[in-house]
Each structure stands twice: as C-alpha cells, then as structure tokens.
Amino acid sequence: MTMINRRNLLASAAMSALATTAFAQDVVVDTAALNAPPAMGEMSLGKDDAKVTVIEYASASCPHCAEFNNDQFPKFKTDYIDTGKV
C-alpha cells in the first residue's frame with residue numbers, strides 16, 4: 001500500500017495547478033466555420049422544400065448504424081422521403 005506523505009501531496013497539488021494554468025488558454029472558435037458545408041458538398045435526399053429536415057449522424061464502422069441502414073432505412077425512405085414529407 002502506498003502512503004501519501006505531505007511532500008508528495010504538495011507536489012501533486014502543485015503539478016495539478018501548473019497543468020490547469022498551462023491548458024487554460026483563451027480559445028476562440030468560429031461557429032460559422034463549424035456549420036459551413038464541407039468542401040466536397042453535402043449529400044441529401046428528398047425535396048428541398050420539405051417541412052421536416054432530418055440530419056443523420058452515422059459511422060461506417062458502427063454495427064448499430066449498419067443495422068439501421070440495412071433494416072430500418074428502406075422503410076423510412078419509402079414512407080417519408082419518397083413521399084416528400086422529409
């Protein structure tokens with residue numbers, strides 16, 4: 001069992017304080033750039049003037065995303081995208 005003495009406790013507190021100040025820098029994020037479409041363009045399905053917009057976030061390596069794509073998406077596409085609702 002490791003015992004923590006006063007010297008080790010103070011040293012670890014000092015290291016924590018230094019790490020906190022080292023990483024606490026003012027970072028400015030341009031939110032307009034984050035929301036801009038990618039240079040390669042965006043993929044879309046359905047009518048541009050549909051009342052509902054669905055944004056899908058998926059991963060090519062995710063088994064849950066693959067299940068949705070293979071089993072659920074065809075019915076969703078038939079019922080909502082092809083009818084112009086989405």
# chains A, B, ... in the order shown; residues from 1 in each chain; ligands from 1
call {"tool": "residues_around", "arguments": {"residues": "region 49-62 of chain A", "least_positions_apart": "5", "cutoff": "7 Å", "atoms": "only C-alpha atoms", "output": "ChimeraX atom specification"}}
result
/A:84-86
call {"tool": "atom_distance", "arguments": {"atom1": "CA of Ile81 (chain A)", "atom2": "CA of Phe68 (chain A)"}}
result
15.5 Å
call {"tool": "select_by_dssp", "arguments": {"residues": "chain A", "states": "helix (DSSP H, G or I)", "output": "VMD selection string"}}
result
chain A and resid 6 to 23 31 to 35 63 to 81
call {"tool": "atom_distance", "arguments": {"atom1": "CA of Ser44 (chain A)", "atom2": "CA of Tyr80 (chain A)"}}
result
13.7 Å
call {"tool": "atom_distance", "arguments": {"atom1": "CA of Asp26 (chain A)", "atom2": "CA of Leu10 (chain A)"}}
result
27.6 Å
call {"tool": "residues_around", "arguments": {"residues": "Asp82 (chain A)", "least_positions_apart": "5", "cutoff": "10 Å", "atoms": "only C-alpha atoms", "output": "JSON, numbers by chain"}}
result
{"A": [45, 46, 47, 76, 77]}
